[in-house]
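J.: Provided below: work14.cif, containing mmCIF, C-alpha atoms.
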data_run
loop_
_atom_site.label_atom_id
_atom_site.label_comp_id
_atom_site.auth_asym_id
_atom_site.auth_seq_id
_atom_site.Cartn_x
_atom_site.Cartn_y
_atom_site.Cartn_z
CA MET A 20 0.00 0.00 0.00
CA LEU A 21 1.31 3.39 -1.06
CA ARG A 22 2.07 5.61 1.92
CA LEU A 23 1.96 9.35 1.34
CA PRO A 24 4.02 11.88 3.30
CA LYS A 25 2.43 13.16 6.46
CA GLY A 26 -0.13 15.89 5.78
CA LEU A 27 -0.95 14.83 2.22
CA SER A 28 -4.33 13.39 1.25
CA PRO A 29 -4.82 10.27 -0.93
CA LEU A 30 -7.28 12.35 -2.94
CA LEU A 31 -4.44 14.38 -4.40
CA ALA A 32 -3.69 11.68 -7.01
CA PRO A 33 -7.19 11.59 -8.59
CA ALA A 34 -7.38 15.40 -8.32
CA VAL A 35 -4.14 15.78 -10.31
CA VAL A 36 -5.24 13.17 -12.91
CA LEU A 37 -8.65 14.82 -13.38
CA SER A 38 -7.01 18.24 -13.63
CA GLY A 39 -4.68 17.03 -16.38
CA ALA A 40 -7.51 15.42 -18.32
CA SER A 41 -9.65 18.52 -17.87
CA LEU A 42 -6.88 20.79 -19.13
CA ALA A 43 -6.37 18.57 -22.20
CA TRP A 44 -10.08 18.39 -22.97
CA THR A 45 -10.61 22.11 -22.41
CA THR A 46 -7.66 23.03 -24.60
CA TRP A 47 -8.83 20.84 -27.50
CA SER A 48 -12.44 22.05 -27.19
CA LEU A 49 -11.53 25.73 -27.19
CA VAL A 50 -9.15 25.35 -30.14
CA ASP A 51 -11.87 23.50 -32.08
CA LEU A 52 -14.50 26.04 -31.02
CA LEU A 53 -12.49 29.07 -32.02
CA GLY A 54 -11.35 27.54 -35.28
CA THR A 55 -8.16 29.58 -35.43
CA GLY A 56 -5.67 26.73 -35.38
CA PRO A 57 -2.54 27.22 -33.29
CA ILE A 58 -3.62 30.80 -32.46
CA GLY A 59 -6.61 29.46 -30.54
CA LEU A 60 -4.23 27.42 -28.41
CA THR A 61 -3.18 30.58 -26.59
CA VAL A 62 -6.73 31.35 -25.50
CA ALA A 63 -7.30 27.77 -24.41
CA ALA A 64 -4.03 27.65 -22.50
CA GLY A 65 -4.85 30.98 -20.88
CA ALA A 66 -8.21 29.74 -19.62
CA ASP A 67 -6.58 26.58 -18.27
CA ILE A 68 -3.85 28.60 -16.52
CA VAL A 69 -6.42 30.82 -14.82
CA TRP A 70 -8.42 27.83 -13.61
CA ALA A 71 -5.31 25.98 -12.34
CA SER A 72 -3.94 29.13 -10.65
CA VAL A 73 -7.13 29.59 -8.68
CA ILE A 74 -6.90 25.98 -7.44
CA VAL A 75 -3.29 26.58 -6.27
CA ALA A 76 -4.34 29.80 -4.55
CA GLU A 77 -7.09 27.98 -2.67
CA ALA A 78 -4.64 25.26 -1.68
CA ARG A 79 -2.25 27.85 -0.24
CA GLY A 80 -5.02 29.59 1.68
CA LEU A 81 -4.72 32.95 -0.07
CA ARG A 82 -7.39 35.50 0.73
CA ILE A 83 -8.86 38.40 -1.23
CA THR A 84 -11.28 40.04 1.17
CA ALA A 85 -14.12 42.41 0.38
CA LYS A 86 -16.62 43.31 3.11
CA GLY A 87 -15.30 40.46 5.27
CA ARG A 88 -15.68 37.74 2.59
CA ASN A 89 -12.94 35.77 0.84
CA LEU A 90 -13.19 36.23 -2.90
CA VAL A 91 -10.74 33.50 -3.96
CA PRO A 92 -13.32 30.66 -3.94
CA LEU A 93 -15.76 32.89 -5.82
CA VAL A 94 -13.14 33.57 -8.49
CA GLY A 95 -12.46 29.83 -8.72
CA TRP A 96 -16.11 29.01 -9.25
CA ALA A 97 -16.51 31.83 -11.76
CA ALA A 98 -13.56 30.54 -13.81
CA LEU A 99 -14.91 26.99 -13.60
CA LEU A 100 -18.37 28.04 -14.79
CA ALA A 101 -16.84 30.00 -17.66
CA VAL A 102 -14.84 26.96 -18.79
CA ALA A 103 -17.88 24.70 -18.40
CA GLY A 104 -19.99 27.09 -20.44
CA LEU A 105 -17.44 27.09 -23.25
CA LEU A 106 -17.41 23.29 -23.25
CA VAL A 107 -21.21 23.15 -23.48
CA TRP A 108 -21.11 25.68 -26.31
CA HIS A 109 -18.53 23.57 -28.10
CA GLY A 110 -20.73 20.47 -27.85
CA ILE A 111 -23.73 22.37 -29.16
CA ARG A 112 -21.70 23.82 -32.05
CA ALA A 113 -20.43 20.36 -32.89
CA GLY A 114 -24.03 19.00 -32.89
CA SER A 115 -23.21 16.47 -30.17
CA THR A 116 -25.50 16.43 -27.20
CA PRO A 117 -23.34 13.90 -25.25
CA MET A 118 -20.30 16.12 -25.79
CA ALA A 119 -22.23 19.14 -24.55
CA VAL A 120 -23.35 17.24 -21.44
CA ALA A 121 -20.20 15.26 -20.63
CA GLY A 122 -17.70 17.98 -21.53
CA PRO A 123 -18.17 20.11 -18.39
CA LEU A 124 -18.01 17.04 -16.14
CA LEU A 125 -14.21 16.87 -16.27
CA PRO A 126 -13.52 20.41 -14.90
CA LEU A 127 -16.43 20.15 -12.46
CA GLY A 128 -15.25 16.74 -11.22
CA ALA A 129 -11.67 18.03 -10.86
CA LYS A 130 -12.93 21.02 -8.87
CA VAL A 131 -14.93 18.81 -6.50
CA VAL A 132 -12.07 16.35 -5.98
CA TRP A 133 -9.69 19.25 -5.26
CA LEU A 134 -12.10 20.60 -2.65
CA LEU A 135 -12.24 17.19 -1.01
CA ALA A 136 -8.44 16.84 -1.07
CA LEU A 137 -7.89 20.29 0.46
CA THR A 138 -10.47 19.59 3.13
CA ASP A 139 -8.84 16.27 3.94
CA MET A 140 -5.43 17.93 4.32
CA ARG A 141 -6.75 20.69 6.53
CA ASP A 142 -5.74 20.31 10.20
CA PRO A 143 -8.85 20.03 12.38
CA ALA A 144 -7.04 21.93 15.15
CA ALA A 145 -6.00 24.70 12.80
CA LEU A 146 -7.34 28.17 13.32
CA THR A 147 -10.35 29.27 11.36
CA GLU A 148 -10.21 32.11 8.89
CA LYS A 149 -11.85 34.50 11.35
CA GLU A 150 -9.38 33.56 14.07
CA ARG A 151 -6.44 34.02 11.71
CA ALA A 152 -7.88 37.36 10.70
CA VAL A 153 -8.08 38.43 14.36
CA LEU A 154 -4.50 37.34 15.00
CA ALA A 155 -3.34 39.12 11.86
CA SER A 156 -5.05 42.29 13.05
CA MET A 157 -3.35 41.99 16.45
CA GLU A 158 0.00 41.41 14.76
CA ARG A 159 -0.48 44.49 12.62
CA GLY A 160 -1.38 46.51 15.71
CA LEU A 161 1.73 45.27 17.52
CA THR A 162 3.92 46.11 14.54
CA PHE A 163 2.39 49.58 14.43
CA GLU A 164 3.03 50.11 18.14
CA GLU A 165 6.64 48.95 17.76
CA GLU A 166 7.25 51.39 14.93
CA GLN A 167 5.51 54.13 16.87
CA HIS A 168 7.68 53.41 19.92
CA ARG A 169 10.84 53.44 17.80
CA ILE A 170 9.95 56.80 16.28
CA GLU A 171 9.08 58.20 19.73
CA MET A 172 12.46 57.06 21.07
CA ARG A 173 14.17 58.75 18.13
CA ARG A 174 12.28 61.95 18.86
CA ARG A 175 13.25 61.83 22.55
CA ALA A 176 16.89 61.16 21.67
CA MET A 177 16.89 64.17 19.35
CA THR A 178 15.32 66.34 22.06
CA ALA A 179 17.90 65.16 24.61
CA GLU A 180 20.76 65.91 22.21
CA LEU A 181 19.35 69.40 21.59
CA TYR A 182 19.02 70.03 25.33
CA LEU A 183 22.59 68.86 25.99
CA ALA A 184 23.87 71.09 23.21
CA GLU A 185 22.05 74.09 24.69
CA VAL A 186 23.43 73.31 28.17
CA ASP A 187 26.94 73.04 26.75
CA VAL A 188 26.61 76.41 25.00
CA ASP A 189 25.24 78.04 28.18
CA PHE A 190 28.13 76.56 30.18
CA ARG A 191 30.71 77.91 27.74
CA ILE A 192 29.10 81.36 27.80
CA GLU A 193 28.99 81.42 31.61
CA ARG A 194 32.61 80.30 31.87
CA SER A 195 33.70 83.00 29.41
CA ARG A 196 31.72 85.59 31.39
CA GLN A 197 33.40 84.54 34.64
CA ASP A 198 36.85 84.67 33.03
CA LYS A 199 36.18 88.18 31.72
CA ALA A 200 34.90 89.26 35.14
CA ARG A 201 38.07 87.99 36.83
CA GLU A 202 40.24 89.80 34.28
CA LEU A 203 38.28 93.00 34.80
CA GLN A 204 38.57 92.64 38.58
CA ARG A 205 42.32 92.18 38.33
CA GLY A 206 42.54 95.28 36.13
CA ARG A 207 40.63 97.40 38.65
CA SER A 208 42.42 96.22 41.82
CA PRO A 209 45.51 98.30 42.91
CA LEU A 210 48.95 96.85 42.56
CA GLU A 211 50.44 95.30 45.67
CA ILE A 212 53.55 97.39 46.49
CA ALA A 213 55.90 96.32 49.23
CA PRO A 214 56.39 98.92 51.96
CA ILE A 215 59.43 101.15 51.55
CA ALA A 216 61.45 101.06 54.70
CA ASN A 217 63.11 104.23 55.94
CA THR A 218 66.68 103.06 56.49
CA ASP A 219 68.15 106.54 56.90
CA HIS A 220 65.98 107.61 59.84
CA PRO A 221 64.34 104.46 61.26
CA GLY A 222 63.23 106.18 64.41
CA GLU A 223 61.62 109.19 62.78
CA GLN A 224 59.77 107.85 59.68
CA PRO A 225 57.78 104.55 59.43
CA ALA A 226 57.74 102.32 56.34
CA ILE A 227 55.83 103.85 53.41
CA SER A 228 53.18 101.74 51.69
CA PRO A 229 50.15 102.52 49.45
CA ILE A 230 47.82 102.29 52.44
CA THR A 231 50.12 104.09 54.90
CA PRO A 232 50.85 107.64 53.74
CA PRO A 233 54.19 109.13 54.75
CA ARG A 234 54.23 110.95 58.01
CA ALA A 235 54.61 114.68 57.68
CA PRO A 236 58.14 115.75 58.53
CA ALA A 237 58.71 117.52 61.79
CA PRO A 238 59.02 121.25 61.26
CA VAL A 239 62.46 122.68 61.65
CA PRO A 240 62.52 124.84 64.77
CA PRO A 241 63.22 128.50 64.05
CA PRO A 242 66.69 129.60 65.01
CA SER A 243 67.16 131.75 68.07
CA SER A 244 68.48 135.26 67.79
CA ALA A 245 71.66 134.26 69.65
CA ASN A 246 72.89 131.71 67.21
CA ALA A 247 70.86 132.61 64.11
CA ASP A 248 73.93 133.23 62.04
CA ARG A 249 75.75 130.08 63.25
CA GLU A 250 73.01 127.39 63.42
CA GLN A 251 70.40 128.29 60.74
CA PRO A 252 70.78 125.84 57.82
CA SER A 253 70.58 126.99 54.21
CA ILE A 254 67.74 126.28 51.78
CA ALA A 255 69.92 123.71 49.99
CA ASP A 256 70.58 121.89 53.26
CA LEU A 257 66.89 121.89 54.12
CA ALA A 258 66.09 120.61 50.62
CA ARG A 259 68.55 117.70 50.98
CA ASP A 260 67.13 116.83 54.37
CA GLN A 261 63.51 116.96 53.21
CA VAL A 262 64.21 114.96 50.05
CA ALA A 263 65.69 112.22 52.18
CA ILE A 264 62.61 111.93 54.38
CA THR A 265 59.79 112.73 51.94
CA THR A 266 58.55 111.01 48.82
CA THR A 267 57.24 113.99 46.88
CA ASN A 268 58.69 117.38 46.05
CA SER A 269 55.54 119.20 47.11
CA ALA A 270 55.75 117.75 50.63
CA ALA A 271 59.39 118.82 50.89
CA VAL A 272 58.55 122.34 49.67
CA GLN A 273 55.74 122.66 52.21
CA ALA A 274 58.03 121.56 55.06
CA ILE A 275 60.75 124.03 54.08
CA LEU A 276 58.26 126.90 53.75
CA ALA A 277 56.90 126.03 57.18
CA ALA A 278 60.42 126.31 58.58
CA ARG A 279 61.29 129.40 56.53
CA PRO A 280 58.10 131.41 56.09
CA GLY A 281 59.90 134.21 54.36
CA ALA A 282 61.60 132.01 51.74
CA ASP A 283 60.62 132.30 48.08
CA ARG A 284 58.45 129.33 46.95
CA GLU A 285 60.02 129.14 43.50
CA SER A 286 63.55 129.11 44.89
CA VAL A 287 62.62 126.47 47.43
CA ALA A 288 61.00 124.34 44.73
CA ALA A 289 64.08 124.65 42.51
CA ALA A 290 66.34 123.64 45.40
CA VAL A 291 64.12 120.62 46.15
CA ARG A 292 64.17 119.46 42.52
CA ARG A 293 67.92 119.81 42.38
CA ALA A 294 68.35 117.89 45.61
CA ARG A 295 65.98 115.17 44.32
CA ARG A 296 68.01 114.75 41.15
CA ASN A 297 71.24 114.63 43.10
CA ALA A 298 69.77 112.03 45.37
CA ASP A 299 68.75 109.95 42.37
CA GLY A 300 72.21 110.12 40.86
CA MET A 301 71.60 113.03 38.47
CA LYS A 302 74.19 115.70 39.30
CA GLY A 303 73.79 119.38 38.39
CA GLY A 304 71.22 121.12 36.23
CA TYR A 305 67.95 122.82 36.97
CA GLY A 306 64.48 121.48 36.55
#
Go ahead and render the structure in this file as structure tokens.
T.:
Amino acid sequence: MLRLPKGLSPLLAPAVVLSGASLAWTTWSLVDLLGTGPIGLTVAAGADIVWASVIVAEARGLRITAKGRNLVPLVGWAALLAVAGLLVWHGIRAGSTPMAVAGPLLPLGAKVVWLLALTDMRDPAALTEKERAVLASMERGLTFEEEQHRIEMRRRAMTAELYLAEVDVDFRIERSRQDKARELQRGRSPLEIAPIANTDHPGEQPAISPITPPRAPAPVPPPSSANADREQPSIADLARDQVAITTTNSAAVQAILAARPGADRESVAAAVRRARRNADGMKGGYG
């Protein structure tokens, strides 16, 4: 006994034999009906191809839906009826009533046997068409949600990248602003100058610094009438003394004028400038 592979129906053999016989009969009938010789073979072969293709589509479970109905079986029956009608017409044209009656039996019998074979091969536990349609709808919905989620993640990633770029730009601007502020602050702050120690007269004058102004020199006591000619120093001597203990010429001039109220300011100023130059290493000359 011939054993077929698992899942195949024994009805496949008669279905294939009937299909071959039907194709041969249909091809000969259409060529004879059209009367165009080899040209009519194309029309006959085309009709057979359509009918056989519909059978294969039904076997593979293809669906063409319209308003919830599968149109593949309807197309198969429409093609079968068209072929049967042509066979009846051929029998009538040939004047043979048996041919007109028996001719359509081959394609009709092949169609019925194919339906039985497909039904026999169908798994009883397989899902129905409605159930498969529901699952297909759920699968489409899941695929849509996955694509939607992927696009949403792309949008969020783009938003995050934009936010990070904005934060980076703000950080660079703030850092530049702080650097400029520190530079401006350094430009406005006074220079740190070390105090200038008074090494010539440590007991009379403290160290001079930007925050500690020099102490005003002690006024020279006026000479007494007894020793006025012997002890009164000259303007040049006073200028040398004041230059040594003062930092500015104006302070030295003021001290000398306080000691010598009757002295000429211009002469005193000239003597102070000359003493200042001599003290700095510049000998001779007038300012």
J.: Convert the output of the PyMOL selection byres ((chain A and resi 78-82) around 9) on the shown file into explicit residues, formatted as JSON, numbers by chain.
T.: {"A": [73, 74, 75, 76, 77, 83, 84, 88, 89, 90, 91, 92, 133, 134, 137]}
J.: For the residues in that selection, give me C-alpha atoms as a PDB file, in the frame of the given file.
T.:
ATOM      1  CA  VAL A  73      -7.130  29.590  -8.680  1.00  0.00           C
ATOM      2  CA  ILE A  74      -6.900  25.980  -7.440  1.00  0.00           C
ATOM      3  CA  VAL A  75      -3.290  26.580  -6.270  1.00  0.00           C
ATOM      4  CA  ALA A  76      -4.340  29.800  -4.550  1.00  0.00           C
ATOM      5  CA  GLU A  77      -7.090  27.980  -2.670  1.00  0.00           C
ATOM      6  CA  ILE A  83      -8.860  38.400  -1.230  1.00  0.00           C
ATOM      7  CA  THR A  84     -11.280  40.040   1.170  1.00  0.00           C
ATOM      8  CA  ARG A  88     -15.680  37.740   2.590  1.00  0.00           C
ATOM      9  CA  ASN A  89     -12.940  35.770   0.840  1.00  0.00           C
ATOM     10  CA  LEU A  90     -13.190  36.230  -2.900  1.00  0.00           C
ATOM     11  CA  VAL A  91     -10.740  33.500  -3.960  1.00  0.00           C
ATOM     12  CA  PRO A  92     -13.320  30.660  -3.940  1.00  0.00           C
ATOM     13  CA  TRP A 133      -9.690  19.250  -5.260  1.00  0.00           C
ATOM     14  CA  LEU A 134     -12.100  20.600  -2.650  1.00  0.00           C
ATOM     15  CA  LEU A 137      -7.890  20.290   0.460  1.00  0.00           C
TER      16      LEU A 137
END
J.: I'd like the interatomic distance between CA of Val186 (chain A) and CA of Gln167 (chain A), to a tenth of an Å.
T.: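 Straight-line distance from CA of Val186 (chain A) to CA of Gln167 (chain A) works out to 28.6 Å.
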J.: Rounded to one decimal, what separation in Å do you get between CA of Val107 (chain A) and CA of Ala119 (chain A)?
T.: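 Separation between CA of Val107 (chain A) and CA of Ala119 (chain A): 4.3 Å.
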J.: Select, from A:Pro33, A:Gly95, A:Gly54, A:Trp108, the residue with the minimum atom-to-atom distance to Ala136 (chain A), counting only C-alpha atoms.
T.: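 Comparing A:Pro33, A:Gly95, A:Gly54, A:Trp108 against Ala136 (chain A), the winner is A:Pro33.
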J.: Excluding Val36 (chain A) and any residue of its chain fewer than 5 positions from it, enumerate the residues within 12 Å of it, using all atoms listed in the file, and give them as JSON, numbers by chain.
T.: {"A": [30, 31, 41, 42, 43, 125, 126, 128, 129, 130, 132, 133]}
J.: Around the point (-7.5, 25.4, -16.3), in the coordinates given by the file, pick out the residues reaching within 9 Å, counting all atoms listed in the file, and return them as a ChimeraX atom specification.
T.: /A:38-39,41-42,45-46,63-74,98-99,102,126
J.: May I ask which of the residues A:Leu100, A:Val131, A:Pro123, A:Arg196 is the closest one to Val35 (chain A), counting all atoms listed in the file?
T.: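 When distances to Val35 (chain A) are compared using all atoms listed in the file, the smallest one comes from A:Val131.
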